[in-house]
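Asks: What follows is protein-v9.pdb, made up of PDB, C-alpha atoms:
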```pdb
ATOM      1  CA  MET A   1       3.869  41.581 -25.658
ATOM      2  CA  ARG A   2       1.202  42.994 -27.983
ATOM      3  CA  CYS A   3       1.295  42.559 -31.737
ATOM      4  CA  HIS A   4       0.708  45.412 -34.145
ATOM      5  CA  PRO A   5      -2.882  45.313 -35.539
ATOM      6  CA  ARG A   6      -1.575  44.860 -39.097
ATOM      7  CA  LEU A   7       0.568  41.923 -37.991
ATOM      8  CA  LEU A   8      -2.412  40.378 -36.202
ATOM      9  CA  ALA A   9      -4.530  40.680 -39.354
ATOM     10  CA  LYS A  10      -1.750  39.127 -41.421
ATOM     11  CA  ILE A  11      -1.408  36.232 -38.961
ATOM     12  CA  GLU A  12      -5.167  35.586 -38.998
ATOM     13  CA  ASN A  13      -5.225  35.377 -42.821
ATOM     14  CA  GLN A  14      -2.427  32.821 -43.061
ATOM     15  CA  PRO A  15      -3.046  29.326 -44.522
ATOM     16  CA  ILE A  16      -2.081  27.715 -41.204
ATOM     17  CA  PRO A  17      -1.290  29.232 -37.785
ATOM     18  CA  TRP A  18       2.444  29.435 -37.152
ATOM     19  CA  TRP A  19       2.271  27.354 -33.963
ATOM     20  CA  GLN A  20       0.298  24.608 -35.691
ATOM     21  CA  LEU A  21       2.955  24.373 -38.398
ATOM     22  CA  ALA A  22       5.606  23.997 -35.694
ATOM     23  CA  LEU A  23       3.533  21.313 -33.952
ATOM     24  CA  LEU A  24       2.832  19.505 -37.223
ATOM     25  CA  TYR A  25       6.530  19.423 -38.097
ATOM     26  CA  GLY A  26       7.376  18.071 -34.654
ATOM     27  CA  PHE A  27       4.997  15.142 -35.168
ATOM     28  CA  ALA A  28       6.537  14.598 -38.616
ATOM     29  CA  GLY A  29       9.998  14.390 -37.065
ATOM     30  CA  PHE A  30       8.751  11.884 -34.501
ATOM     31  CA  GLY A  31       7.135   9.674 -37.130
ATOM     32  CA  TYR A  32      10.011   9.850 -39.587
ATOM     33  CA  ILE A  33      12.796   8.925 -37.183
ATOM     34  CA  ILE A  34      11.131   5.770 -35.891
ATOM     35  CA  VAL A  35      10.829   4.106 -39.278
ATOM     36  CA  ALA A  36      14.280   5.411 -40.243
ATOM     37  CA  THR A  37      15.651   3.640 -37.160
ATOM     38  CA  TYR A  38      13.903   0.312 -37.642
ATOM     39  CA  LEU A  39      13.876  -0.004 -41.435
ATOM     40  CA  PRO A  40      17.221  -1.886 -41.618
ATOM     41  CA  LEU A  41      16.035  -4.321 -38.927
ATOM     42  CA  MET A  42      12.839  -4.946 -40.856
ATOM     43  CA  ALA A  43      14.862  -5.671 -43.985
ATOM     44  CA  LYS A  44      16.902  -8.269 -42.095
ATOM     45  CA  SER A  45      13.735 -10.082 -41.074
ATOM     46  CA  ALA A  46      12.735 -10.245 -44.752
ATOM     47  CA  GLY A  47      15.604 -12.670 -45.293
ATOM     48  CA  SER A  48      17.213 -10.837 -48.208
ATOM     49  CA  PRO A  49      20.868  -9.806 -47.647
ATOM     50  CA  LEU A  50      20.826  -7.862 -50.925
ATOM     51  CA  LEU A  51      17.802  -5.815 -49.871
ATOM     52  CA  THR A  52      19.256  -5.263 -46.402
ATOM     53  CA  ALA A  53      22.458  -3.887 -47.931
ATOM     54  CA  HIS A  54      20.728  -1.576 -50.406
ATOM     55  CA  LEU A  55      17.500  -0.612 -48.649
ATOM     56  CA  TRP A  56      18.673   2.913 -47.906
ATOM     57  CA  SER A  57      19.800   3.205 -51.526
ATOM     58  CA  LEU A  58      16.149   2.744 -52.530
ATOM     59  CA  VAL A  59      15.135   5.421 -50.040
ATOM     60  CA  GLY A  60      17.832   7.747 -51.381
ATOM     61  CA  LEU A  61      16.862   7.197 -55.012
ATOM     62  CA  ALA A  62      13.295   8.258 -54.214
ATOM     63  CA  ILE A  63      14.266  11.421 -52.320
ATOM     64  CA  ILE A  64      15.286  13.707 -55.212
ATOM     65  CA  PRO A  65      12.301  13.081 -57.522
ATOM     66  CA  GLY A  66      10.082  13.175 -54.436
ATOM     67  CA  CYS A  67      11.234  16.679 -53.466
ATOM     68  CA  PHE A  68      10.807  18.024 -56.999
ATOM     69  CA  GLY A  69       7.460  16.277 -57.332
ATOM     70  CA  TRP A  70       5.988  17.721 -54.145
ATOM     71  CA  LEU A  71       7.148  21.240 -54.987
ATOM     72  CA  TRP A  72       5.654  20.924 -58.473
ATOM     73  CA  ALA A  73       2.390  19.651 -57.005
ATOM     74  CA  ALA A  74       2.292  22.491 -54.460
ATOM     75  CA  LYS A  75       2.497  25.067 -57.270
ATOM     76  CA  HIS A  76      -0.462  23.462 -59.035
ATOM     77  CA  TRP A  77      -2.740  22.469 -56.134
ATOM     78  CA  GLY A  78      -1.515  24.467 -53.156
ATOM     79  CA  VAL A  79       0.761  23.696 -50.216
ATOM     80  CA  LEU A  80      -1.827  22.500 -47.681
ATOM     81  CA  PRO A  81      -3.477  19.874 -49.924
ATOM     82  CA  CYS A  82      -0.045  18.542 -50.871
ATOM     83  CA  LEU A  83       1.234  18.616 -47.289
ATOM     84  CA  THR A  84      -1.842  16.694 -46.135
ATOM     85  CA  ALA A  85      -1.400  14.107 -48.893
ATOM     86  CA  ASN A  86       2.338  13.879 -48.209
ATOM     87  CA  LEU A  87       1.850  13.107 -44.525
ATOM     88  CA  LEU A  88      -0.953  10.613 -45.173
ATOM     89  CA  ILE A  89       1.127   8.737 -47.749
ATOM     90  CA  GLN A  90       4.132   8.782 -45.443
ATOM     91  CA  SER A  91       2.003   7.406 -42.609
ATOM     92  CA  ALA A  92       0.728   4.629 -44.885
ATOM     93  CA  CYS A  93       4.291   3.773 -45.970
ATOM     94  CA  VAL A  94       5.354   3.543 -42.328
ATOM     95  CA  LEU A  95       2.525   1.076 -41.692
ATOM     96  CA  LEU A  96       3.469  -0.794 -44.856
ATOM     97  CA  SER A  97       6.970  -1.333 -43.468
ATOM     98  CA  LEU A  98       5.445  -3.731 -40.925
ATOM     99  CA  ALA A  99       4.880  -6.183 -43.782
ATOM    100  CA  SER A 100       8.569  -7.104 -43.667
ATOM    101  CA  ASP A 101       7.853 -10.701 -44.696
ATOM    102  CA  SER A 102       6.953  -9.398 -48.168
ATOM    103  CA  LEU A 103       9.920  -8.104 -50.167
ATOM    104  CA  LEU A 104       7.647  -6.263 -52.605
ATOM    105  CA  LEU A 105       5.768  -4.394 -49.870
ATOM    106  CA  LEU A 106       9.008  -3.537 -48.077
ATOM    107  CA  ILE A 107      10.465  -2.148 -51.310
ATOM    108  CA  LEU A 108       7.300  -0.105 -51.935
ATOM    109  CA  SER A 109       7.418   1.136 -48.345
ATOM    110  CA  SER A 110      11.059   2.225 -48.721
ATOM    111  CA  ILE A 111      10.427   4.035 -52.010
ATOM    112  CA  GLY A 112       7.286   5.709 -50.649
ATOM    113  CA  PHE A 113       9.068   6.715 -47.455
ATOM    114  CA  GLY A 114      11.968   8.216 -49.413
ATOM    115  CA  ALA A 115       9.619  10.078 -51.739
ATOM    116  CA  THR A 116       7.745  11.691 -48.849
ATOM    117  CA  PHE A 117       9.874  12.389 -45.777
ATOM    118  CA  MET A 118      12.156  14.948 -47.467
ATOM    119  CA  GLY A 119       9.134  16.151 -49.393
ATOM    120  CA  THR A 120       7.660  17.190 -46.050
ATOM    121  CA  THR A 121      10.670  19.427 -45.471
ATOM    122  CA  SER A 122      10.423  20.797 -49.025
ATOM    123  CA  LEU A 123       6.829  21.868 -48.321
ATOM    124  CA  VAL A 124       7.169  23.061 -44.720
ATOM    125  CA  MET A 125      10.257  25.271 -45.049
ATOM    126  CA  PRO A 126       8.905  27.586 -47.797
ATOM    127  CA  LEU A 127       5.634  27.778 -45.868
ATOM    128  CA  ALA A 128       7.497  28.744 -42.692
ATOM    129  CA  ARG A 129       9.171  31.586 -44.605
ATOM    130  CA  GLN A 130       5.780  32.912 -45.727
ATOM    131  CA  LEU A 131       4.064  32.819 -42.343
ATOM    132  CA  SER A 132       4.267  35.568 -39.763
ATOM    133  CA  ALA A 133       4.829  34.818 -36.087
ATOM    134  CA  PRO A 134       4.346  37.247 -33.194
ATOM    135  CA  GLY A 135       7.220  38.965 -31.453
ATOM    136  CA  ASN A 136      10.746  38.002 -32.370
ATOM    137  CA  ILE A 137       9.945  34.353 -33.097
ATOM    138  CA  ASN A 138      12.067  32.954 -35.901
ATOM    139  CA  LEU A 139       9.632  30.456 -37.383
ATOM    140  CA  LEU A 140      12.251  28.699 -39.522
ATOM    141  CA  GLY A 141      14.316  28.121 -36.405
ATOM    142  CA  LEU A 142      11.268  27.058 -34.390
ATOM    143  CA  VAL A 143      10.057  24.433 -36.868
ATOM    144  CA  THR A 144      13.605  23.080 -37.109
ATOM    145  CA  LEU A 145      13.663  22.862 -33.314
ATOM    146  CA  THR A 146      10.346  21.017 -33.085
ATOM    147  CA  TYR A 147      11.450  18.600 -35.818
ATOM    148  CA  GLY A 148      14.622  17.931 -33.845
ATOM    149  CA  ILE A 149      12.650  17.412 -30.635
ATOM    150  CA  GLY A 150      10.465  14.913 -32.471
ATOM    151  CA  GLN A 151      13.590  13.095 -33.643
ATOM    152  CA  ILE A 152      14.797  12.877 -30.038
ATOM    153  CA  LEU A 153      11.458  11.789 -28.582
ATOM    154  CA  GLY A 154      10.961   9.111 -31.265
ATOM    155  CA  PRO A 155      13.866   6.849 -30.224
ATOM    156  CA  LEU A 156      13.071   7.557 -26.571
ATOM    157  CA  ALA A 157       9.503   6.333 -27.027
ATOM    158  CA  ALA A 158      10.808   3.340 -28.973
ATOM    159  CA  SER A 159      13.200   2.401 -26.169
ATOM    160  CA  LEU A 160      10.384   2.594 -23.623
ATOM    161  CA  SER A 161       8.242   0.209 -25.665
ATOM    162  CA  GLY A 162      10.497  -2.730 -24.767
ATOM    163  CA  ASN A 163      12.534  -5.176 -26.834
ATOM    164  CA  GLY A 164      11.943  -7.607 -29.662
ATOM    165  CA  ALA A 165       9.450  -7.717 -32.507
ATOM    166  CA  SER A 166       6.547  -6.364 -30.451
ATOM    167  CA  ALA A 167       8.571  -3.272 -29.545
ATOM    168  CA  ILE A 168       9.293  -2.586 -33.226
ATOM    169  CA  ILE A 169       5.617  -2.988 -34.083
ATOM    170  CA  ASN A 170       4.502  -0.683 -31.258
ATOM    171  CA  ALA A 171       7.090   1.964 -32.136
ATOM    172  CA  THR A 172       6.170   1.831 -35.825
ATOM    173  CA  LEU A 173       2.482   2.217 -35.000
ATOM    174  CA  CYS A 174       3.332   5.252 -32.862
ATOM    175  CA  GLY A 175       5.307   6.732 -35.747
ATOM    176  CA  ALA A 176       2.454   6.187 -38.192
ATOM    177  CA  ALA A 177       0.002   7.711 -35.698
ATOM    178  CA  ALA A 178       2.207  10.795 -35.280
ATOM    179  CA  LEU A 179       2.345  11.322 -39.040
ATOM    180  CA  PHE A 180      -1.414  10.806 -39.303
ATOM    181  CA  PHE A 181      -2.001  13.376 -36.563
ATOM    182  CA  ALA A 182       0.256  15.825 -38.429
ATOM    183  CA  ALA A 183      -1.855  15.221 -41.543
ATOM    184  CA  LEU A 184      -5.014  15.937 -39.533
ATOM    185  CA  ILE A 185      -3.614  19.321 -38.456
ATOM    186  CA  SER A 186      -2.998  20.239 -42.092
ATOM    187  CA  ALA A 187      -6.342  18.810 -43.240
ATOM    188  CA  ALA A 188      -8.242  20.758 -40.566
ATOM    189  CA  GLN A 189      -6.784  24.025 -41.843
ATOM    190  CA  LEU A 190      -7.582  23.022 -45.412
ATOM    191  CA  VAL A 191     -11.227  22.399 -44.496
ATOM    192  CA  LYS A 192     -11.326  25.703 -42.621
ATOM    193  CA  GLN A 193     -10.024  27.531 -45.702
ATOM    194  CA  LYS A 194     -12.632  25.937 -47.959
ATOM    195  CA  ARG A 195     -15.430  26.900 -45.563
ATOM    196  CA  MET A 196     -14.214  30.500 -45.552
ATOM    197  CA  VAL A 197     -14.207  30.557 -49.365
ATOM    198  CA  ILE A 198     -17.772  29.175 -49.463
ATOM    199  CA  ARG A 199     -18.976  31.827 -46.993
ATOM    200  CA  GLU A 200     -17.422  34.590 -49.078
TER     201      GLU A 200
END
```
In structure tokens, how does this file's structure come out?

Replies:
Amino acid sequence: MRCHPRLLAKIENQPIPWWQLALLYGFAGFGYIIVATYLPLMAKSAGSPLLTAHLWSLVGLAIIPGCFGWLWAAKHWGVLPCLTANLLIQSACVLLSLASDSLLLLILSSIGFGATFMGTTSLVMPLARQLSAPGNINLLGLVTLTYGIGQILGPLAASLSGNGASAIINATLCGAAALFFAALISAAQLVKQKRMVIRE
């Protein structure tokens, strides 16, 4: 099916190709769900019953200011720079969760994770509304689908990595890598945009 020339021109001038946004969001779903699954287990290994009981409360407390903060930042510095930073910080917080023997680092990881993972959604969804996709593709529906697929594949990959502490470490590393790869997709488009501005 051919696209109208005007639609093709509009697609080419977008901040990120529609299919790359869908792919990026799928990797974000994969990375998010792994740490969301294992975070309570990591808290147990820290030896603090109080932290174990209220770890998700810390995540929840960071979500609301995180969403507002990322949207505010996107208005001032643009969506792609903020999306890249969001995914990089989220990836770092996932890695930080491996330091479960340190209560301070685990708390920082939980707060950072809460402040970023819903922030990703806050940045991606408005961007998906702005982008044009060929044919009858509903981009909002597609990015939601890829995020859901990532959430399904995450636990599947975790279950295939075995049992015990090594399995948690391997799964967490995979989650951090997925988020880092999503950040690279966004960063690549950001660099491409800057090069186009310099040429003009």

Asks: Please indicate the distance in Å from CA of Ile168 in chain A to CA of Asp101 in chain A, rounded to one decimal place.

Replies: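 Between CA of Ile168 in chain A and CA of Asp101 in chain A the gap works out to 14.1 Å.
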
Asks: Could you spell out the hits of the PyMOL selection byres ((chain A and resi 89) around 12) on the shown file, as a ChimeraX atom specification?

Replies: /A:82-88,90-96,108-117,119-120,176,179-180,182-183

Asks: List the spatial neighbours of Ile63 in chain A as a PyMOL selection string - criterion: any atom at most 7 Å away, all atoms listed in the file, same-chain residues fewer than 3 positions off excluded.

Replies: chain A and resi 59-60+66-67+114-115+118

Asks: Please give the centre and size of the box around range 49-59 of chain A (axis-aligned, containing every atom listed in the file, 5 Å added per side), with values in Å to one decimal and written as lines of an AutoDock Vina configuration file.

Replies:
```
center_x = 18.8
center_y = -2.2
center_z = -49.5
size_x = 17.3
size_y = 25.2
size_z = 16.1
```

Asks: So how far away is CA of Thr146 in chain A from CA of Leu23 in chain A, in Å?

Replies: 6.9 Å

Asks: Any chance you could resolve the PyMOL selection byres ((chain A and resi 131-145) around 7) against this file and give the residues as a list in words?

Replies: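 On this input, the PyMOL selection byres ((chain A and resi 131-145) around 7) captures Cys3, Ile11, Gln14, Trp18, Ala22, Tyr25, Met125, Leu127, Ala128, Arg129, Gln130, Thr146, Tyr147, Gly148 and Ile149 of chain A.
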
Asks: One decimal, in Å: what's the spacing between CA of Tyr32 in chain A and CA of Leu55 in chain A?

Replies: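 That distance, rounded to one decimal, is 15.7 Å.
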
Asks: Applied to the shown file, which residues does the PyMOL selection byres ((chain A and resi 150-158) around 9) return, written as a VMD selection string?

Replies: chain A and resid 25 to 34 37 145 to 149 159 to 163 167 to 168 170 to 172 174 to 175

Asks: Write the residues you've just listed into a file as a PDB file, in the frame of the given file, and include C-alpha atoms for each of them.

Replies:
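Result file part_38.pdb:
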```
ATOM      1  CA  TYR A  25       6.530  19.423 -38.097  1.00  0.00           C
ATOM      2  CA  GLY A  26       7.376  18.071 -34.654  1.00  0.00           C
ATOM      3  CA  PHE A  27       4.997  15.142 -35.168  1.00  0.00           C
ATOM      4  CA  ALA A  28       6.537  14.598 -38.616  1.00  0.00           C
ATOM      5  CA  GLY A  29       9.998  14.390 -37.065  1.00  0.00           C
ATOM      6  CA  PHE A  30       8.751  11.884 -34.501  1.00  0.00           C
ATOM      7  CA  GLY A  31       7.135   9.674 -37.130  1.00  0.00           C
ATOM      8  CA  TYR A  32      10.011   9.850 -39.587  1.00  0.00           C
ATOM      9  CA  ILE A  33      12.796   8.925 -37.183  1.00  0.00           C
ATOM     10  CA  ILE A  34      11.131   5.770 -35.891  1.00  0.00           C
ATOM     11  CA  THR A  37      15.651   3.640 -37.160  1.00  0.00           C
ATOM     12  CA  LEU A 145      13.663  22.862 -33.314  1.00  0.00           C
ATOM     13  CA  THR A 146      10.346  21.017 -33.085  1.00  0.00           C
ATOM     14  CA  TYR A 147      11.450  18.600 -35.818  1.00  0.00           C
ATOM     15  CA  GLY A 148      14.622  17.931 -33.845  1.00  0.00           C
ATOM     16  CA  ILE A 149      12.650  17.412 -30.635  1.00  0.00           C
ATOM     17  CA  SER A 159      13.200   2.401 -26.169  1.00  0.00           C
ATOM     18  CA  LEU A 160      10.384   2.594 -23.623  1.00  0.00           C
ATOM     19  CA  SER A 161       8.242   0.209 -25.665  1.00  0.00           C
ATOM     20  CA  GLY A 162      10.497  -2.730 -24.767  1.00  0.00           C
ATOM     21  CA  ASN A 163      12.534  -5.176 -26.834  1.00  0.00           C
ATOM     22  CA  ALA A 167       8.571  -3.272 -29.545  1.00  0.00           C
ATOM     23  CA  ILE A 168       9.293  -2.586 -33.226  1.00  0.00           C
ATOM     24  CA  ASN A 170       4.502  -0.683 -31.258  1.00  0.00           C
ATOM     25  CA  ALA A 171       7.090   1.964 -32.136  1.00  0.00           C
ATOM     26  CA  THR A 172       6.170   1.831 -35.825  1.00  0.00           C
ATOM     27  CA  CYS A 174       3.332   5.252 -32.862  1.00  0.00           C
ATOM     28  CA  GLY A 175       5.307   6.732 -35.747  1.00  0.00           C
TER      29      GLY A 175
END
```

Asks: Which of these, A:Leu24, A:Ala43, A:Leu80, A:Ala53, has the shortest distance to Ala187 in chain A once you count only C-alpha atoms?

Replies: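 Of A:Leu24, A:Ala43, A:Leu80, A:Ala53, the one nearest Ala187 in chain A, counting only C-alpha atoms, is A:Leu80.
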
Asks: Using all atoms listed in the file for the distances, tell me which of A:Lys44, A:Leu71, A:Leu51, A:Pro81 is nearest to Val191 in chain A.

Replies: A:Pro81

Asks: Ranking A:Pro49, A:Met42, A:Val79, A:Ala62 by minimum distance to Leu106 in chain A and counting all atoms listed in the file, which one comes first?

Replies: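 When distances to Leu106 in chain A are compared using all atoms listed in the file, the smallest one comes from A:Met42.
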